[in-house]
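Structure file work13.cif with mmCIF, C-alpha atoms:
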data_entry
#
loop_
_atom_site.group_PDB
_atom_site.id
_atom_site.type_symbol
_atom_site.label_atom_id
_atom_site.label_comp_id
_atom_site.auth_asym_id
_atom_site.auth_seq_id
_atom_site.Cartn_x
_atom_site.Cartn_y
_atom_site.Cartn_z
ATOM 1 C CA MET A 25 149.669 167.607 72.841
ATOM 2 C CA MET A 26 148.963 163.901 73.384
ATOM 3 C CA ALA A 27 149.348 163.257 69.681
ATOM 4 C CA ASP A 28 152.733 164.963 69.658
ATOM 5 C CA ASN A 29 154.046 162.916 72.576
ATOM 6 C CA ASN A 30 152.226 159.581 72.238
ATOM 7 C CA LYS A 31 155.452 157.875 71.290
ATOM 8 C CA ASN A 32 157.304 159.299 74.256
ATOM 9 C CA PRO A 33 155.001 159.477 77.317
ATOM 10 C CA ASN A 34 157.864 160.678 79.489
ATOM 11 C CA GLU A 35 157.647 164.040 77.705
ATOM 12 C CA CYS A 36 153.878 164.502 78.465
ATOM 13 C CA PRO A 37 153.168 167.197 81.075
ATOM 14 C CA ASP A 38 151.959 166.005 84.448
ATOM 15 C CA THR A 39 150.584 167.405 87.704
ATOM 16 C CA GLY A 40 153.736 166.571 89.619
ATOM 17 C CA HIS A 41 151.990 163.743 91.493
ATOM 18 C CA GLU A 42 153.453 160.266 91.334
ATOM 19 C CA TRP A 43 152.527 157.007 93.112
ATOM 20 C CA ASP A 44 154.727 153.944 92.857
ATOM 21 C CA GLY A 45 156.210 155.169 89.605
ATOM 22 C CA ILE A 46 152.817 156.056 88.111
ATOM 23 C CA ARG A 47 152.604 159.720 87.050
ATOM 24 C CA GLU A 48 149.364 161.702 86.942
ATOM 25 C CA LEU A 49 149.307 163.286 83.483
ATOM 26 C CA THR A 50 147.376 166.382 82.432
ATOM 27 C CA ASN A 51 146.181 164.995 79.103
ATOM 28 C CA PRO A 52 142.581 165.958 78.284
ATOM 29 C CA PRO A 53 139.961 163.149 78.039
ATOM 30 C CA PRO A 54 139.119 161.789 74.574
ATOM 31 C CA ARG A 55 136.776 163.959 72.561
ATOM 32 C CA TRP A 56 134.101 161.221 72.303
ATOM 33 C CA TRP A 57 134.030 161.000 76.112
ATOM 34 C CA ILE A 58 133.522 164.770 76.435
ATOM 35 C CA ILE A 59 130.671 164.653 73.901
ATOM 36 C CA ALA A 60 129.011 161.745 75.742
ATOM 37 C CA LEU A 61 129.300 163.609 79.046
ATOM 38 C CA TYR A 62 127.524 166.692 77.663
ATOM 39 C CA LEU A 63 124.844 164.548 75.997
ATOM 40 C CA SER A 64 124.144 162.693 79.246
ATOM 41 C CA GLY A 65 123.708 166.020 81.038
ATOM 42 C CA LEU A 66 121.303 167.131 78.312
ATOM 43 C CA MET A 67 119.334 163.898 78.675
ATOM 44 C CA VAL A 68 119.023 164.460 82.434
ATOM 45 C CA PHE A 69 117.715 167.982 81.802
ATOM 46 C CA ILE A 70 115.154 166.714 79.281
ATOM 47 C CA TYR A 71 114.063 163.953 81.703
ATOM 48 C CA PHE A 72 113.505 166.532 84.462
ATOM 49 C CA ILE A 73 111.204 168.442 82.113
ATOM 50 C CA LEU A 74 109.219 165.489 80.743
ATOM 51 C CA TYR A 75 108.851 163.202 83.810
ATOM 52 C CA PRO A 76 108.114 163.570 87.560
ATOM 53 C CA SER A 77 111.515 164.168 89.093
ATOM 54 C CA ILE A 78 111.923 167.206 91.320
ATOM 55 C CA PRO A 79 110.705 166.539 94.890
ATOM 56 C CA LEU A 80 108.488 169.137 96.532
ATOM 57 C CA VAL A 81 107.202 169.377 100.108
ATOM 58 C CA ASN A 82 104.311 166.906 99.747
ATOM 59 C CA ASP A 83 104.617 165.846 96.121
ATOM 60 C CA SER A 84 106.865 166.225 93.104
ATOM 61 C CA THR A 85 106.748 167.959 89.747
ATOM 62 C CA ASP A 86 104.398 166.207 87.293
ATOM 63 C CA GLY A 87 106.486 166.655 84.152
ATOM 64 C CA LEU A 88 105.110 167.679 80.779
ATOM 65 C CA LEU A 89 104.065 164.110 79.915
ATOM 66 C CA GLY A 90 102.163 163.596 83.181
ATOM 67 C CA TRP A 91 103.450 159.992 83.388
ATOM 68 C CA SER A 92 103.638 158.020 86.633
ATOM 69 C CA GLN A 93 104.372 154.420 87.568
ATOM 70 C CA ILE A 94 101.050 154.232 89.428
ATOM 71 C CA ASP A 95 99.111 155.202 86.303
ATOM 72 C CA GLU A 96 101.053 152.702 84.232
ATOM 73 C CA TYR A 97 100.346 150.013 86.832
ATOM 74 C CA LYS A 98 96.631 150.839 86.833
ATOM 75 C CA GLU A 99 96.483 150.741 83.052
ATOM 76 C CA GLY A 100 98.195 147.357 82.988
ATOM 77 C CA LEU A 101 95.917 146.036 85.720
ATOM 78 C CA ALA A 102 92.844 147.261 83.840
ATOM 79 C CA GLU A 103 94.004 145.410 80.729
ATOM 80 C CA ILE A 104 94.495 142.193 82.705
ATOM 81 C CA GLU A 105 91.128 142.510 84.432
ATOM 82 C CA ALA A 106 89.431 143.120 81.080
ATOM 83 C CA LYS A 107 90.871 139.850 79.760
ATOM 84 C CA ARG A 108 89.915 138.007 82.934
ATOM 85 C CA ALA A 109 86.406 139.475 83.188
ATOM 86 C CA PRO A 110 84.623 136.890 80.972
ATOM 87 C CA TYR A 111 86.097 134.042 83.039
ATOM 88 C CA GLU A 112 85.494 135.734 86.388
ATOM 89 C CA ASN A 113 81.867 136.466 85.476
ATOM 90 C CA ARG A 114 81.269 132.851 84.504
ATOM 91 C CA ILE A 115 82.875 131.603 87.729
ATOM 92 C CA ALA A 116 80.680 133.939 89.784
ATOM 93 C CA GLU A 117 77.543 132.609 88.080
ATOM 94 C CA MET A 118 78.407 128.871 88.081
ATOM 95 C CA SER A 119 78.574 126.420 90.937
ATOM 96 C CA ALA A 120 81.865 124.821 91.897
ATOM 97 C CA GLU A 121 80.684 121.448 90.589
ATOM 98 C CA GLU A 122 79.848 122.981 87.207
ATOM 99 C CA ILE A 123 83.277 124.597 87.014
ATOM 100 C CA LEU A 124 84.952 121.244 87.687
ATOM 101 C CA GLN A 125 83.170 119.869 84.602
ATOM 102 C CA ASP A 126 84.312 122.732 82.343
ATOM 103 C CA ASP A 127 87.930 122.056 81.312
ATOM 104 C CA GLU A 128 88.654 125.602 80.118
ATOM 105 C CA LEU A 129 87.180 127.267 83.189
ATOM 106 C CA LEU A 130 88.803 124.714 85.481
ATOM 107 C CA ARG A 131 92.255 125.510 84.050
ATOM 108 C CA TYR A 132 91.618 129.218 84.501
ATOM 109 C CA ALA A 133 90.357 128.790 88.078
ATOM 110 C CA VAL A 134 93.402 126.735 89.076
ATOM 111 C CA GLY A 135 95.905 128.950 87.265
ATOM 112 C CA SER A 136 94.488 132.223 88.590
ATOM 113 C CA SER A 137 94.345 130.886 92.152
ATOM 114 C CA LYS A 138 98.069 130.230 92.558
ATOM 115 C CA VAL A 139 98.781 133.777 93.721
ATOM 116 C CA LEU A 140 95.568 133.797 95.767
ATOM 117 C CA TYR A 141 96.693 130.619 97.525
ATOM 118 C CA GLY A 142 100.219 131.942 98.007
ATOM 119 C CA ASP A 143 98.968 135.167 99.586
ATOM 120 C CA ASN A 144 96.419 133.614 101.933
ATOM 121 C CA CYS A 145 97.096 129.910 102.480
ATOM 122 C CA ALA A 146 100.739 129.011 101.874
ATOM 123 C CA ALA A 147 101.924 130.552 105.153
ATOM 124 C CA CYS A 148 100.230 127.697 107.041
ATOM 125 C CA HIS A 149 99.653 124.941 104.504
ATOM 126 C CA GLY A 150 102.893 125.362 102.598
ATOM 127 C CA VAL A 151 103.653 125.755 98.909
ATOM 128 C CA GLY A 152 101.775 123.114 96.958
ATOM 129 C CA GLY A 153 99.685 122.194 100.002
ATOM 130 C CA ILE A 154 102.511 120.531 101.943
ATOM 131 C CA PRO A 155 103.354 122.365 105.200
ATOM 132 C CA PRO A 156 106.754 122.001 106.889
ATOM 133 C CA GLU A 157 107.101 118.772 108.836
ATOM 134 C CA GLY A 158 105.932 119.170 112.406
ATOM 135 C CA ALA A 159 104.160 122.480 111.729
ATOM 136 C CA GLY A 160 100.811 121.008 112.779
ATOM 137 C CA TYR A 161 98.834 122.189 109.748
ATOM 138 C CA PRO A 162 96.840 119.775 107.571
ATOM 139 C CA ILE A 163 98.367 118.581 104.300
ATOM 140 C CA LEU A 164 96.188 119.661 101.379
ATOM 141 C CA ALA A 165 97.961 117.597 98.747
ATOM 142 C CA ASP A 166 96.538 114.245 99.840
ATOM 143 C CA ASP A 167 93.026 112.851 100.075
ATOM 144 C CA ASP A 168 92.781 112.707 103.851
ATOM 145 C CA TRP A 169 90.070 115.139 104.943
ATOM 146 C CA LEU A 170 88.974 115.875 108.489
ATOM 147 C CA TYR A 171 85.697 117.543 107.483
ATOM 148 C CA GLY A 172 85.224 116.160 103.982
ATOM 149 C CA GLY A 173 86.985 116.795 100.694
ATOM 150 C CA SER A 174 84.121 117.506 98.307
ATOM 151 C CA VAL A 175 84.471 120.901 96.683
ATOM 152 C CA ASN A 176 81.417 122.195 98.550
ATOM 153 C CA LYS A 177 82.812 120.981 101.882
ATOM 154 C CA ILE A 178 86.067 122.789 101.127
ATOM 155 C CA ILE A 179 84.074 125.950 100.363
ATOM 156 C CA GLU A 180 82.305 125.531 103.705
ATOM 157 C CA THR A 181 85.630 125.067 105.499
ATOM 158 C CA LEU A 182 87.082 128.193 103.917
ATOM 159 C CA ALA A 183 84.008 130.288 104.624
ATOM 160 C CA LYS A 184 83.235 129.115 108.161
ATOM 161 C CA GLY A 185 86.677 128.159 109.392
ATOM 162 C CA ARG A 186 87.241 125.103 111.581
ATOM 163 C CA GLN A 187 88.044 124.568 115.224
ATOM 164 C CA GLY A 188 87.812 120.949 116.254
ATOM 165 C CA MET A 189 88.070 119.942 119.877
ATOM 166 C CA MET A 190 89.615 116.960 121.630
ATOM 167 C CA PRO A 191 89.344 117.046 125.423
ATOM 168 C CA ALA A 192 92.449 116.606 127.532
ATOM 169 C CA HIS A 193 92.638 113.203 129.220
ATOM 170 C CA ALA A 194 95.451 113.829 131.690
ATOM 171 C CA ASP A 195 93.008 113.639 134.619
ATOM 172 C CA LEU A 196 90.869 110.884 133.108
ATOM 173 C CA LEU A 197 93.375 108.158 132.289
ATOM 174 C CA THR A 198 96.091 106.366 134.183
ATOM 175 C CA THR A 199 99.654 106.267 132.895
ATOM 176 C CA GLU A 200 99.184 102.635 131.852
ATOM 177 C CA GLU A 201 95.985 103.475 129.959
ATOM 178 C CA VAL A 202 97.660 106.349 128.135
ATOM 179 C CA ASP A 203 100.556 104.087 127.168
ATOM 180 C CA GLY A 204 98.051 101.498 125.955
ATOM 181 C CA LEU A 205 96.207 104.027 123.790
ATOM 182 C CA VAL A 206 99.467 105.313 122.345
ATOM 183 C CA GLY A 207 100.259 101.737 121.391
ATOM 184 C CA PHE A 208 96.794 101.323 119.871
ATOM 185 C CA VAL A 209 97.140 104.439 117.693
ATOM 186 C CA ILE A 210 100.522 103.310 116.360
ATOM 187 C CA SER A 211 99.490 99.686 115.851
ATOM 188 C CA ASN A 212 96.142 100.557 114.291
ATOM 189 C CA SER A 213 97.771 102.961 111.836
ATOM 190 C CA MET A 214 99.638 99.931 110.510
ATOM 191 C CA GLY A 215 96.592 97.662 110.634
ATOM 192 C CA GLU A 216 98.062 95.628 113.502
ATOM 193 C CA ALA A 217 95.924 96.601 116.522
ATOM 194 C CA THR A 218 95.234 93.672 118.875
ATOM 195 C CA ASP A 219 91.901 92.732 120.388
ATOM 196 C CA ALA A 220 93.130 93.960 123.767
ATOM 197 C CA GLN A 221 94.008 97.325 122.280
ATOM 198 C CA TRP A 222 90.603 97.607 120.603
ATOM 199 C CA LYS A 223 88.961 96.776 123.897
ATOM 200 C CA LEU A 224 90.848 99.606 125.633
ATOM 201 C CA TYR A 225 89.950 101.970 122.780
ATOM 202 C CA ASN A 226 86.256 101.226 123.175
ATOM 203 C CA GLU A 227 86.200 101.113 126.974
ATOM 204 C CA LYS A 228 87.756 104.587 127.242
ATOM 205 C CA GLY A 229 85.155 106.128 124.943
ATOM 206 C CA CYS A 230 87.457 106.955 122.039
ATOM 207 C CA ALA A 231 84.957 105.523 119.571
ATOM 208 C CA ALA A 232 82.460 108.283 120.451
ATOM 209 C CA CYS A 233 84.564 110.773 118.485
ATOM 210 C CA HIS A 234 86.816 108.680 116.286
ATOM 211 C CA GLY A 235 84.186 106.129 115.300
ATOM 212 C CA ALA A 236 83.771 102.428 115.896
ATOM 213 C CA ASP A 237 86.274 101.739 113.111
ATOM 214 C CA ALA A 238 88.655 104.514 114.294
ATOM 215 C CA LYS A 239 88.438 106.179 110.887
ATOM 216 C CA GLY A 240 87.210 109.481 112.273
ATOM 217 C CA VAL A 241 83.864 111.261 112.047
ATOM 218 C CA GLN A 242 83.739 114.099 109.500
ATOM 219 C CA GLN A 243 80.881 115.869 111.264
ATOM 220 C CA LEU A 244 83.189 116.272 114.260
ATOM 221 C CA GLY A 245 86.417 116.710 112.331
ATOM 222 C CA SER A 246 87.993 113.921 114.367
ATOM 223 C CA ALA A 247 91.184 112.316 113.097
ATOM 224 C CA ASN A 248 91.357 109.048 111.219
ATOM 225 C CA LEU A 249 93.405 106.713 113.410
ATOM 226 C CA SER A 250 93.604 103.911 110.870
ATOM 227 C CA ASP A 251 96.070 105.478 108.437
ATOM 228 C CA ARG A 252 99.578 106.856 108.745
ATOM 229 C CA ILE A 253 98.686 110.475 108.042
ATOM 230 C CA TRP A 254 99.417 112.566 111.120
ATOM 231 C CA ARG A 255 98.032 116.001 111.878
ATOM 232 C CA PHE A 256 100.757 116.696 114.425
ATOM 233 C CA SER A 257 103.165 113.765 114.623
ATOM 234 C CA GLY A 258 103.267 110.005 114.679
ATOM 235 C CA GLU A 259 106.012 109.859 117.282
ATOM 236 C CA PRO A 260 104.917 108.118 120.539
ATOM 237 C CA ASP A 261 105.716 111.126 122.743
ATOM 238 C CA GLU A 262 103.729 113.446 120.462
ATOM 239 C CA ILE A 263 100.745 111.090 120.385
ATOM 240 C CA ARG A 264 100.929 110.888 124.175
ATOM 241 C CA HIS A 265 100.938 114.697 124.404
ATOM 242 C CA THR A 266 97.797 114.911 122.273
ATOM 243 C CA ILE A 267 95.990 112.325 124.410
ATOM 244 C CA LEU A 268 97.010 113.993 127.670
ATOM 245 C CA HIS A 269 96.367 117.611 126.709
ATOM 246 C CA GLY A 270 93.902 117.394 123.833
ATOM 247 C CA VAL A 271 93.305 119.874 121.052
ATOM 248 C CA ASN A 272 91.796 123.332 121.625
ATOM 249 C CA ASP A 273 90.912 122.438 125.208
ATOM 250 C CA ALA A 274 90.562 125.794 126.928
ATOM 251 C CA ASN A 275 91.102 124.196 130.347
ATOM 252 C CA ASP A 276 94.553 122.832 129.542
ATOM 253 C CA PRO A 277 97.390 125.340 128.970
ATOM 254 C CA LYS A 278 99.424 122.653 127.188
ATOM 255 C CA THR A 279 96.686 121.799 124.714
ATOM 256 C CA ARG A 280 97.436 121.825 121.006
ATOM 257 C CA VAL A 281 96.027 124.879 119.249
ATOM 258 C CA ALA A 282 94.543 124.101 115.839
ATOM 259 C CA VAL A 283 92.263 126.801 114.463
ATOM 260 C CA MET A 284 91.334 127.523 110.854
ATOM 261 C CA PRO A 285 89.969 131.099 110.628
ATOM 262 C CA ALA A 286 86.778 131.995 108.798
ATOM 263 C CA TRP A 287 87.494 133.742 105.496
ATOM 264 C CA ASN A 288 83.968 134.938 104.705
ATOM 265 C CA GLU A 289 81.536 134.980 107.598
ATOM 266 C CA LYS A 290 78.686 136.321 105.485
ATOM 267 C CA LEU A 291 79.000 133.371 103.104
ATOM 268 C CA ALA A 292 79.274 131.061 106.123
ATOM 269 C CA VAL A 293 75.985 132.400 107.500
ATOM 270 C CA ARG A 294 74.318 131.843 104.144
ATOM 271 C CA ILE A 295 75.602 128.264 103.924
ATOM 272 C CA GLU A 296 74.339 127.606 107.452
ATOM 273 C CA ALA A 297 70.920 129.105 106.716
ATOM 274 C CA GLU A 298 70.462 127.327 103.395
ATOM 275 C CA GLU A 299 71.302 124.029 105.096
ATOM 276 C CA TYR A 300 68.174 124.441 107.214
ATOM 277 C CA GLY A 301 66.049 126.050 104.504
ATOM 278 C CA ASP A 302 65.965 129.448 106.192
ATOM 279 C CA ASP A 303 66.366 132.988 104.884
ATOM 280 C CA PRO A 304 70.049 133.997 105.167
ATOM 281 C CA GLU A 305 69.159 137.665 105.539
ATOM 282 C CA GLU A 306 67.554 136.934 108.891
ATOM 283 C CA TYR A 307 70.875 135.613 110.187
ATOM 284 C CA TYR A 308 73.111 138.531 109.222
ATOM 285 C CA GLU A 309 74.322 140.542 112.190
ATOM 286 C CA GLY A 310 76.333 143.701 111.603
ATOM 287 C CA ASP A 311 79.303 143.599 109.262
ATOM 288 C CA GLU A 312 80.473 140.021 108.866
ATOM 289 C CA ILE A 313 84.127 139.551 108.007
ATOM 290 C CA GLU A 314 84.845 139.021 104.316
ATOM 291 C CA ARG A 315 88.557 138.413 104.060
ATOM 292 C CA LEU A 316 87.939 136.776 100.699
ATOM 293 C CA THR A 317 85.045 137.288 98.289
ATOM 294 C CA GLU A 318 82.673 134.459 97.468
ATOM 295 C CA THR A 319 84.248 134.083 94.024
ATOM 296 C CA GLU A 320 87.747 133.959 95.507
ATOM 297 C CA ILE A 321 86.689 131.267 97.969
ATOM 298 C CA LYS A 322 85.122 129.267 95.152
ATOM 299 C CA LYS A 323 88.340 129.466 93.133
ATOM 300 C CA LEU A 324 90.488 128.561 96.142
ATOM 301 C CA ALA A 325 88.244 125.587 96.942
ATOM 302 C CA ILE A 326 88.686 124.328 93.374
ATOM 303 C CA TYR A 327 92.447 124.866 93.622
ATOM 304 C CA VAL A 328 92.678 122.915 96.896
ATOM 305 C CA HIS A 329 90.335 120.245 95.564
ATOM 306 C CA GLN A 330 92.650 119.728 92.591
ATOM 307 C CA LEU A 331 95.785 119.573 94.762
ATOM 308 C CA GLY A 332 94.756 116.254 96.216
ATOM 309 C CA GLY A 333 92.093 115.131 93.796
ATOM 310 C CA GLY A 334 89.300 115.816 96.258
ATOM 311 C CA GLU A 335 86.418 113.481 96.923
#

Would you give me this structure, written as structure tokens?
Amino acid sequence: MMADNNKNPNECPDTGHEWDGIRELTNPPPRWWIIALYLSGLMVFIYFILYPSIPLVNDSTDGLLGWSQIDEYKEGLAEIEAKRAPYENRIAEMSAEEILQDDELLRYAVGSSKVLYGDNCAACHGVGGIPPEGAGYPILADDDWLYGGSVNKIIETLAKGRQGMMPAHADLLTTEEVDGLVGFVISNSMGEATDAQWKLYNEKGCAACHGADAKGVQQLGSANLSDRIWRFSGEPDEIRHTILHGVNDANDPKTRVAVMPAWNEKLAVRIEAEEYGDDPEEYYEGDEIERLTETEIKKLAIYVHQLGGGE
């Protein structure tokens, strides 16, 4: 009928409906469209037979092929792990220092740790080891280390966690003394501290934690006051807050909280025992937390070490 009237559409039959001069015709769809519609229905029927598709109470039909996305994922993961296995086995057997000397293994350790770092570290330390400004987390992309930046020290930090402590001085110092120490920290960071400021620094016992040269003591994790790298902030008011309320001082509700959790307590116990030449097994108590395996910590330590060059 359409072929007979395609030169005169006004003669085509319609449903009697019209909107703004547009008539609804009764012409049938093109034949190719009808064929495609039936074929798509057939494809849906075949899919229902071959693949999981029909939901049941607690499961779904398996389909004749028995395929599932979970199985495909597991197969793909097994293939990846098989390719990684030779590298992972070597990393597990070698020390971190040895890995740093092996270019091929070093590239693998760094490359395979990007996701590991993103999943476990980036939330605090930021992508690429640079946390948001003012977040209060250490920058990992420089060579300023509170507890030491050798690869073994980084492994120790990851395994044991860190929780330094600076006592609050609000009740120990006068307002003038606090202002003087704030001035010392700022001036010394620029290499311009005066003799009077150094005298105040030493008289108030700051050197006991931060060292006679104010460069910090790694055994204590105390901050280096001679550079311009700030754990919290280099603004005078923020420095004053740290002096007044300290860091991790349980007696001051306004204290700064700075805690690095332990990621493998069992490894931490072993490091502690080996340091004193003891048997680690004698130190184990119950089920120590292992958020990350020893191999994962080793890889992460290498990754962090390479971010800033390490020591």

Task: Given the PyMOL selection byres ((chain A and resi 141) around 12), the residues it picks as an MDAnalysis selection string - done: chainID A and resid 133:140 142:153 164 182 316 320:328 331

TODO: Could you jot down the atom CA of A:Ala217 to atom CA of A:Thr198 separation for me, Å, one decimal place?
DONE: 20.2 Å

TODO: Kindly give the distance, in Å, that separates atom CA of A:Asp166 and atom CA of A:Asp126, rounded to a single decimal.
DONE: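 Computing the Euclidean distance for atom CA of A:Asp166 and atom CA of A:Asp126 yields 23.0 Å.
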
- [ ] Using atom CA of A:Leu197 and atom CA of A:Gln242 as the two end points, give the distance in Å to one decimal.
- [x]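 Atom CA of A:Gln242 lies 25.4 Å from atom CA of A:Leu197.
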
TODO: Using the chain letters and numbering of this document, enumerate as a PyMOL selection string the residues selected by the PyMOL selection byres ((chain A and resi 257-259) around 9).
DONE: chain A and resi 157-158+160+209-210+252-256+260-264

Provide an axis-aligned box for all listed atoms of stretch 262-277 of chain A, padding each side by 4 Å; report its centre and its edge lengths in Å to one decimal, as lines of an AutoDock Vina configuration file.
center_x = 97.1
center_y = 118.3
center_z = 125.4
size_x = 21.2
size_y = 22.9
size_z = 18.0

Render stretch 128-148 of chain A from the structure in the preceding block as a file of N, CA and C atoms, as a short mmCIF file (atom, residue, chain, number, x, y, z; two decimals), in the first residue's frame.
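Heads up, here's the output in decode-v8.cif:
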data_model
loop_
_atom_site.label_atom_id
_atom_site.label_comp_id
_atom_site.auth_asym_id
_atom_site.auth_seq_id
_atom_site.Cartn_x
_atom_site.Cartn_y
_atom_site.Cartn_z
N GLU A 128 65.75 -5.14 37.15
CA GLU A 128 64.51 -5.77 36.68
C GLU A 128 63.53 -5.96 37.83
N LEU A 129 64.01 -6.48 38.93
CA LEU A 129 63.14 -6.73 40.08
C LEU A 129 62.69 -5.43 40.72
N LEU A 130 63.56 -4.42 40.70
CA LEU A 130 63.19 -3.12 41.25
C LEU A 130 62.04 -2.51 40.45
N ARG A 131 62.12 -2.58 39.12
CA ARG A 131 61.03 -2.06 38.28
C ARG A 131 59.73 -2.80 38.56
N TYR A 132 59.82 -4.11 38.72
CA TYR A 132 58.60 -4.88 39.01
C TYR A 132 58.03 -4.50 40.37
N ALA A 133 58.90 -4.39 41.38
CA ALA A 133 58.43 -4.07 42.73
C ALA A 133 57.74 -2.72 42.76
N VAL A 134 58.30 -1.73 42.09
CA VAL A 134 57.71 -0.39 42.06
C VAL A 134 56.41 -0.40 41.27
N GLY A 135 56.44 -1.02 40.09
CA GLY A 135 55.24 -1.04 39.25
C GLY A 135 54.08 -1.79 39.87
N SER A 136 54.36 -2.92 40.53
CA SER A 136 53.29 -3.73 41.12
C SER A 136 52.81 -3.18 42.45
N SER A 137 53.49 -2.16 42.97
CA SER A 137 53.10 -1.60 44.27
C SER A 137 52.21 -0.37 44.14
N LYS A 138 51.98 0.10 42.92
CA LYS A 138 51.17 1.31 42.76
C LYS A 138 49.75 1.11 43.28
N VAL A 139 49.15 -0.02 42.92
CA VAL A 139 47.80 -0.31 43.42
C VAL A 139 47.83 -0.57 44.92
N LEU A 140 48.87 -1.28 45.37
CA LEU A 140 49.02 -1.57 46.80
C LEU A 140 49.11 -0.28 47.60
N TYR A 141 49.88 0.67 47.09
CA TYR A 141 50.00 1.98 47.75
C TYR A 141 48.67 2.72 47.69
N GLY A 142 48.02 2.70 46.54
CA GLY A 142 46.75 3.41 46.40
C GLY A 142 45.69 2.88 47.34
N ASP A 143 45.67 1.57 47.56
CA ASP A 143 44.65 0.95 48.41
C ASP A 143 44.91 1.18 49.89
N ASN A 144 46.18 1.30 50.29
CA ASN A 144 46.49 1.31 51.71
C ASN A 144 47.14 2.59 52.23
N CYS A 145 47.74 3.38 51.36
CA CYS A 145 48.55 4.51 51.83
C CYS A 145 48.06 5.87 51.34
N ALA A 146 47.51 5.89 50.12
CA ALA A 146 47.19 7.17 49.48
C ALA A 146 46.14 7.97 50.25
N ALA A 147 45.28 7.29 51.00
CA ALA A 147 44.23 8.01 51.73
C ALA A 147 44.83 9.02 52.70
N CYS A 148 45.99 8.71 53.28
CA CYS A 148 46.65 9.64 54.20
C CYS A 148 47.78 10.41 53.52
#
